[in-house]
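For reference, model-v6.pdb is printed below; it contains PDB, C-alpha atoms.
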ATOM      1  CA  MET A 277     -13.719 123.604 -25.573
ATOM      2  CA  HIS A 278     -17.120 122.431 -24.342
ATOM      3  CA  ARG A 279     -18.838 124.679 -21.806
ATOM      4  CA  LYS A 280     -19.754 123.411 -18.386
ATOM      5  CA  LEU A 281     -23.327 122.153 -18.068
ATOM      6  CA  LEU A 282     -25.602 121.870 -15.054
ATOM      7  CA  LEU A 283     -28.375 119.391 -15.842
ATOM      8  CA  GLY A 284     -31.456 118.532 -13.800
ATOM      9  CA  LEU A 285     -32.973 115.054 -13.835
ATOM     10  CA  THR A 286     -36.398 114.272 -12.430
ATOM     11  CA  GLY A 287     -39.258 111.821 -12.711
ATOM     12  CA  GLY A 288     -42.045 110.373 -10.627
ATOM     13  CA  VAL A 289     -41.626 107.430  -8.279
ATOM     14  CA  GLY A 290     -41.019 104.247 -10.270
ATOM     15  CA  SER A 291     -40.150 106.102 -13.482
ATOM     16  CA  GLY A 292     -36.607 104.722 -13.677
ATOM     17  CA  LYS A 293     -34.948 108.055 -12.940
ATOM     18  CA  SER A 294     -32.241 106.525 -10.741
ATOM     19  CA  THR A 295     -31.397 104.016 -13.470
ATOM     20  CA  VAL A 296     -31.010 106.841 -15.995
ATOM     21  CA  ALA A 297     -28.818 108.759 -13.525
ATOM     22  CA  ALA A 298     -26.550 105.734 -13.122
ATOM     23  CA  MET A 299     -26.293 105.353 -16.902
ATOM     24  CA  LEU A 300     -25.329 109.020 -17.316
ATOM     25  CA  ALA A 301     -22.790 108.652 -14.506
ATOM     26  CA  ARG A 302     -21.161 105.794 -16.422
ATOM     27  CA  ARG A 303     -20.897 108.136 -19.410
ATOM     28  CA  GLY A 304     -19.013 110.645 -17.260
ATOM     29  CA  ALA A 305     -21.595 112.957 -15.692
ATOM     30  CA  ALA A 306     -20.920 113.916 -12.065
ATOM     31  CA  VAL A 307     -24.175 112.967 -10.349
ATOM     32  CA  ILE A 308     -25.468 114.692  -7.227
ATOM     33  CA  ASP A 309     -28.356 112.793  -5.626
ATOM     34  CA  ALA A 310     -30.757 115.088  -3.750
ATOM     35  CA  ASP A 311     -32.493 112.081  -2.151
ATOM     36  CA  ALA A 312     -29.190 110.830  -0.751
ATOM     37  CA  ILE A 313     -28.485 114.307   0.622
ATOM     38  CA  SER A 314     -31.926 114.393   2.217
ATOM     39  CA  ARG A 315     -31.352 111.008   3.846
ATOM     40  CA  SER A 316     -27.976 112.113   5.208
ATOM     41  CA  LEU A 317     -29.583 115.206   6.749
ATOM     42  CA  THR A 318     -32.050 113.000   8.647
ATOM     43  CA  GLU A 319     -29.607 110.323   9.820
ATOM     44  CA  ALA A 320     -28.247 110.343  13.383
ATOM     45  CA  GLY A 321     -26.312 113.586  13.788
ATOM     46  CA  GLY A 322     -27.758 115.001  10.562
ATOM     47  CA  ALA A 323     -28.212 118.733  10.189
ATOM     48  CA  ALA A 324     -32.029 118.490  10.136
ATOM     49  CA  ILE A 325     -32.538 116.318  13.222
ATOM     50  CA  ALA A 326     -32.657 119.049  15.871
ATOM     51  CA  ALA A 327     -35.137 121.141  13.883
ATOM     52  CA  ILE A 328     -37.363 118.103  13.209
ATOM     53  CA  ALA A 329     -37.403 117.222  16.917
ATOM     54  CA  ARG A 330     -38.373 120.808  17.772
ATOM     55  CA  ALA A 331     -41.093 120.981  15.124
ATOM     56  CA  PHE A 332     -42.646 117.521  15.518
ATOM     57  CA  GLY A 333     -41.561 116.251  18.922
ATOM     58  CA  PRO A 334     -38.934 113.744  20.100
ATOM     59  CA  GLN A 335     -41.196 110.783  19.218
ATOM     60  CA  PHE A 336     -40.268 111.342  15.557
ATOM     61  CA  ILE A 337     -36.600 110.616  16.316
ATOM     62  CA  ASP A 338     -35.709 106.934  16.746
ATOM     63  CA  ALA A 339     -33.510 105.338  19.402
ATOM     64  CA  ASP A 340     -30.409 105.822  17.253
ATOM     65  CA  GLY A 341     -31.034 109.548  16.877
ATOM     66  CA  ALA A 342     -32.224 109.391  13.261
ATOM     67  CA  LEU A 343     -35.573 110.372  11.791
ATOM     68  CA  ASP A 344     -38.246 107.700  12.349
ATOM     69  CA  ARG A 345     -39.099 107.477   8.657
ATOM     70  CA  ASN A 346     -42.132 105.209   8.998
ATOM     71  CA  ARG A 347     -43.738 107.419  11.637
ATOM     72  CA  MET A 348     -43.012 110.558   9.628
ATOM     73  CA  ARG A 349     -44.319 108.978   6.409
ATOM     74  CA  GLU A 350     -47.630 108.189   8.110
ATOM     75  CA  LYS A 351     -47.781 111.713   9.537
ATOM     76  CA  VAL A 352     -47.182 113.613   6.306
ATOM     77  CA  PHE A 353     -49.556 111.474   4.245
ATOM     78  CA  ALA A 354     -52.305 112.042   6.808
ATOM     79  CA  ASP A 355     -51.599 115.749   7.328
ATOM     80  CA  PRO A 356     -50.620 118.064   4.421
ATOM     81  CA  THR A 357     -49.599 120.818   6.853
ATOM     82  CA  ALA A 358     -47.074 118.419   8.400
ATOM     83  CA  ARG A 359     -45.606 117.759   4.955
ATOM     84  CA  LYS A 360     -45.180 121.481   4.393
ATOM     85  CA  LYS A 361     -43.586 121.912   7.832
ATOM     86  CA  LEU A 362     -41.102 119.120   7.079
ATOM     87  CA  GLU A 363     -40.298 120.558   3.639
ATOM     88  CA  ILE A 364     -39.575 123.975   5.162
ATOM     89  CA  ILE A 365     -36.889 122.277   7.269
ATOM     90  CA  ILE A 366     -35.457 119.878   4.684
ATOM     91  CA  HIS A 367     -35.592 121.686   1.339
ATOM     92  CA  PRO A 368     -33.310 124.660   2.120
ATOM     93  CA  LEU A 369     -30.705 122.285   3.583
ATOM     94  CA  VAL A 370     -30.881 120.005   0.532
ATOM     95  CA  GLY A 371     -30.601 123.028  -1.757
ATOM     96  CA  SER A 372     -27.578 124.564  -0.039
ATOM     97  CA  THR A 373     -25.796 121.198   0.273
ATOM     98  CA  SER A 374     -26.512 120.389  -3.387
ATOM     99  CA  LEU A 375     -25.051 123.707  -4.540
ATOM    100  CA  GLN A 376     -21.953 123.152  -2.412
ATOM    101  CA  GLN A 377     -21.506 119.756  -4.060
ATOM    102  CA  VAL A 378     -22.049 121.252  -7.526
ATOM    103  CA  GLN A 379     -19.304 123.788  -6.909
ATOM    104  CA  ALA A 380     -17.002 121.079  -5.586
ATOM    105  CA  ARG A 381     -17.515 118.973  -8.731
ATOM    106  CA  LEU A 382     -16.897 121.959 -10.985
ATOM    107  CA  ASP A 383     -13.765 122.852  -9.019
ATOM    108  CA  GLU A 384     -12.586 119.255  -9.495
ATOM    109  CA  GLY A 385     -12.916 119.734 -13.248
ATOM    110  CA  SER A 386     -16.253 118.034 -14.007
ATOM    111  CA  ARG A 387     -17.778 119.480 -17.170
ATOM    112  CA  VAL A 388     -21.275 117.994 -16.860
ATOM    113  CA  VAL A 389     -22.915 117.944 -13.427
ATOM    114  CA  LEU A 390     -26.253 116.145 -13.142
ATOM    115  CA  LEU A 391     -28.577 116.994 -10.262
ATOM    116  CA  ASP A 392     -30.934 114.078  -9.586
ATOM    117  CA  ILE A 393     -33.862 115.874  -7.926
ATOM    118  CA  PRO A 394     -37.149 114.000  -7.356
ATOM    119  CA  LEU A 395     -39.022 117.220  -6.501
ATOM    120  CA  LEU A 396     -37.349 119.460  -9.088
ATOM    121  CA  VAL A 397     -40.662 120.669 -10.540
ATOM    122  CA  GLU A 398     -42.372 121.008  -7.148
ATOM    123  CA  SER A 399     -39.576 123.088  -5.607
ATOM    124  CA  GLY A 400     -39.849 125.878  -8.174
ATOM    125  CA  HIS A 401     -36.397 127.359  -7.558
ATOM    126  CA  TRP A 402     -34.213 124.863  -9.434
ATOM    127  CA  ARG A 403     -35.305 125.505 -13.026
ATOM    128  CA  PRO A 404     -33.579 128.899 -13.461
ATOM    129  CA  ARG A 405     -30.281 127.451 -12.205
ATOM    130  CA  LEU A 406     -30.172 124.606 -14.733
ATOM    131  CA  ASN A 407     -29.035 124.550 -18.344
ATOM    132  CA  ARG A 408     -31.417 121.703 -19.206
ATOM    133  CA  VAL A 409     -34.057 119.609 -17.458
ATOM    134  CA  ILE A 410     -34.409 115.910 -18.309
ATOM    135  CA  VAL A 411     -37.631 114.156 -17.318
ATOM    136  CA  VAL A 412     -37.991 110.374 -17.173
ATOM    137  CA  ASP A 413     -41.632 109.592 -17.869
ATOM    138  CA  CYS A 414     -43.853 106.517 -17.900
ATOM    139  CA  ALA A 415     -47.506 105.553 -17.462
ATOM    140  CA  GLU A 416     -48.905 105.882 -13.953
ATOM    141  CA  GLU A 417     -49.767 102.176 -13.796
ATOM    142  CA  THR A 418     -46.143 101.395 -14.671
ATOM    143  CA  GLN A 419     -45.050 103.615 -11.777
ATOM    144  CA  VAL A 420     -47.346 101.733  -9.394
ATOM    145  CA  THR A 421     -46.310  98.219 -10.426
ATOM    146  CA  ARG A 422     -42.583  99.013 -10.464
ATOM    147  CA  THR A 423     -42.656 100.697  -7.060
ATOM    148  CA  MET A 424     -44.728  97.929  -5.457
ATOM    149  CA  ALA A 425     -42.356  95.289  -6.819
ATOM    150  CA  ARG A 426     -39.255  97.189  -5.719
ATOM    151  CA  SER A 427     -40.292  98.392  -2.286
ATOM    152  CA  GLY A 428     -43.078  96.123  -1.108
ATOM    153  CA  LEU A 429     -45.344  99.129  -0.518
ATOM    154  CA  THR A 430     -49.085  98.751  -0.998
ATOM    155  CA  ARG A 431     -50.858 100.201  -4.028
ATOM    156  CA  GLU A 432     -52.585 102.712  -1.745
ATOM    157  CA  THR A 433     -49.259 103.941  -0.360
ATOM    158  CA  VAL A 434     -47.680 104.237  -3.810
ATOM    159  CA  GLU A 435     -50.673 106.130  -5.162
ATOM    160  CA  GLY A 436     -50.432 108.449  -2.131
ATOM    161  CA  ILE A 437     -46.779 109.145  -2.960
ATOM    162  CA  MET A 438     -47.731 109.877  -6.563
ATOM    163  CA  ARG A 439     -50.470 112.306  -5.492
ATOM    164  CA  SER A 440     -47.909 114.190  -3.413
ATOM    165  CA  GLN A 441     -45.670 114.660  -6.467
ATOM    166  CA  ALA A 442     -46.104 116.822  -9.551
ATOM    167  CA  SER A 443     -48.287 115.313 -12.248
ATOM    168  CA  ARG A 444     -46.864 113.777 -15.420
ATOM    169  CA  CYS A 445     -48.207 116.792 -17.325
ATOM    170  CA  GLN A 446     -46.458 119.252 -14.984
ATOM    171  CA  ARG A 447     -43.144 117.407 -15.241
ATOM    172  CA  ARG A 448     -43.306 117.161 -19.021
ATOM    173  CA  ALA A 449     -44.136 120.879 -19.253
ATOM    174  CA  ALA A 450     -40.936 121.664 -17.324
ATOM    175  CA  ALA A 451     -38.759 119.383 -19.469
ATOM    176  CA  ASP A 452     -36.271 120.248 -22.173
ATOM    177  CA  THR A 453     -35.886 116.522 -22.887
ATOM    178  CA  VAL A 454     -38.235 113.624 -22.067
ATOM    179  CA  ILE A 455     -37.107 110.001 -21.894
ATOM    180  CA  VAL A 456     -40.156 107.744 -22.146
ATOM    181  CA  ASN A 457     -39.296 104.662 -20.095
ATOM    182  CA  ASP A 458     -42.309 102.478 -20.816
ATOM    183  CA  GLY A 459     -41.904  98.990 -22.206
ATOM    184  CA  LEU A 460     -38.166  99.409 -22.770
ATOM    185  CA  THR A 461     -35.548  96.799 -22.000
ATOM    186  CA  LEU A 462     -32.498  98.033 -20.102
ATOM    187  CA  ASP A 463     -30.517  97.886 -23.343
ATOM    188  CA  GLU A 464     -33.120 100.003 -25.119
ATOM    189  CA  LEU A 465     -33.134 102.506 -22.256
ATOM    190  CA  GLN A 466     -29.339 102.594 -22.421
ATOM    191  CA  GLY A 467     -29.629 103.437 -26.103
ATOM    192  CA  GLU A 468     -31.913 106.387 -25.318
ATOM    193  CA  VAL A 469     -29.496 107.593 -22.637
ATOM    194  CA  ASP A 470     -26.501 107.185 -24.938
ATOM    195  CA  ARG A 471     -28.148 109.380 -27.577
ATOM    196  CA  LEU A 472     -28.748 112.003 -24.915
ATOM    197  CA  ALA A 473     -25.183 111.713 -23.592
ATOM    198  CA  ASP A 474     -23.854 112.247 -27.115
ATOM    199  CA  LEU A 475     -25.698 115.576 -27.249
ATOM    200  CA  PHE A 476     -23.814 116.682 -24.140
ATOM    201  CA  ALA A 477     -20.511 115.349 -25.493
ATOM    202  CA  LEU A 478     -20.205 112.855 -22.641
TER     203      LEU A 478
END

If you convert what's in this file into structure tokens, what do you get?
Amino acid sequence: MHRKLLLGLTGGVGSGKSTVAAMLARRGAAVIDADAISRSLTEAGGAAIAAIARAFGPQFIDADGALDRNRMREKVFADPTARKKLEIIIHPLVGSTSLQQVQARLDEGSRVVLLDIPLLVESGHWRPRLNRVIVVDCAEETQVTRTMARSGLTRETVEGIMRSQASRCQRRAAADTVIVNDGLTLDELQGEVDRLADLFAL
């Protein structure tokens, strides 16, 4: 009987982390997406909206009652204290919701639960809860070109996002397993993921 595993997956913007998560999901891992949880908390009626309006003002809430993401993005990149204020609101809610979803998946009988957490290293509190941490890594220039192509953001904006995240060195230091996603075709990346999935008996 294989024991239940709680895995953490992280990687910088443009690393291919979401692609790896989808590949592991196809192998049978129950994936919990912290970014998706964060977005749901800041949609109209989301649990974080009232606190954001109190902390930043009603101008940061759009006409539909959701977070004005563009306005907030400009604010937090220009003002590190604003980023910290937003994180104090969002991170505990993401953490508690993620743990509720983990328990639900385990109760449903999932053996391997994968937490896809962009800020796993930065948050500090996730590592002790996880059996293993998987980091998807690539060169910084690869991150920039992939993200620009995918999102239409400028190089300056992408580099700002990268500066706000943990460094490659910090992520690799926190990893039990590193998938280097540089110069790989999707089939080659799938092969790397399959070898990893075999280790977890997925």

- Residues matched by the PyMOL selection byres ((chain A and resi 301) around 12), written as a list in words: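 For this structure, the PyMOL selection byres ((chain A and resi 301) around 12) captures Ser294, Thr295, Val296, Ala297, Ala298, Met299, Leu300, Arg302, Arg303, Gly304, Ala305, Ala306, Val307, Ile308, Asp309, Ser386, Val388, Val389, Leu390, Leu391, Asp392, Gln466, Val469, Asp470, Ala473 and Leu478 of chain A.
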
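The interatomic distance for the pair atom CA of Gly467 of chain A and atom CA of Ala442 of chain A works out to 26.9 Å.
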
List every residue of segment 379-435 of chain A that has an atom at most 12 Å from any atom of segment 341-365 of chain A, and for each one report the closest atom pair and its distance in Å to one decimal, counting only C-alpha atoms, with rows sorted by chain and then by increasing residue number, as a Markdown table.
| residue | atom | partner | partner_atom | distance |
| --- | --- | --- | --- | --- |
| A:Leu395 | CA | A:Glu363 | CA | 10.8 |
| A:Glu398 | CA | A:Glu363 | CA | 11.0 |
| A:Ser399 | CA | A:Glu363 | CA | 9.6 |
| A:Leu429 | CA | A:Asn346 | CA | 11.7 |
| A:Glu432 | CA | A:Phe353 | CA | 11.0 |
| A:Thr433 | CA | A:Phe353 | CA | 8.8 |
| A:Val434 | CA | A:Phe353 | CA | 11.0 |
| A:Glu435 | CA | A:Phe353 | CA | 10.9 |

- Message: With distances taken over only C-alpha atoms, which residue among A:Leu475, A:Ile328, A:Val420, A:Val412 lies nearest Ile393 of chain A?
- Response: A:Val412

- Query: Mind pulling up the distance from atom CA of Gln441 of chain A to atom CA of Leu396 of chain A?
  - Reply: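 Atom CA of Gln441 of chain A lies 10.0 Å from atom CA of Leu396 of chain A.
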
- Item | Protein, DNA and RNA residues within 10 Å of (-50.1, 101.1, -5.8), only C-alpha atoms, as a list in words |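 It turns out the residues near that spot are Glu416, Glu417, Thr418, Gln419, Val420, Thr421, Arg422, Thr423, Met424, Ala425, Gly428, Leu429, Thr430, Arg431, Glu432, Thr433, Val434, Glu435, Gly436, Ile437 and Met438 of chain A.
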
- Item | Explicit residues for the PyMOL selection byres ((chain A and resi 406) around 9) (as a ChimeraX atom specification) | /A:281-284,391,402-405,407-409

- For each of A:Ser427, A:Ser314, A:Ser443, A:Ser372, take the minimum atom-to-atom distance to Asp413 of chain A, counting all atoms listed in the file, then give the residue where this is smallest.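 Going through A:Ser427, A:Ser314, A:Ser443, A:Ser372 one by one, the smallest distance to Asp413 of chain A is for A:Ser443.
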
- So what do you get for atom CA of Gln379 of chain A versus atom CA of Leu285 of chain A, distance-wise?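 Computing it gives 17.6 Å between the two atoms.
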
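If you measure from each of A:Val411, A:His401, A:Glu464, A:Leu472 to Ala449 of chain A using only C-alpha atoms, the closest one turns out to be A:Val411.
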
- Message: Just checking: using only C-alpha atoms, which residue out of A:Ala339, A:Arg279, A:Cys414, A:Ser440 ends up closest to Gly459 of chain A?
- Response: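 Among the listed residues, the smallest separation from Gly459 of chain A belongs to A:Cys414.
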
Six-sided padding of 8 Å per side, axis-aligned box over segment 313-324 of chain A, centre and edges in Å, one decimal, as lines of an AutoDock Vina configuration file:
center_x = -29.2
center_y = 114.5
center_z = 7.2
size_x = 21.7
size_y = 24.4
size_z = 29.2
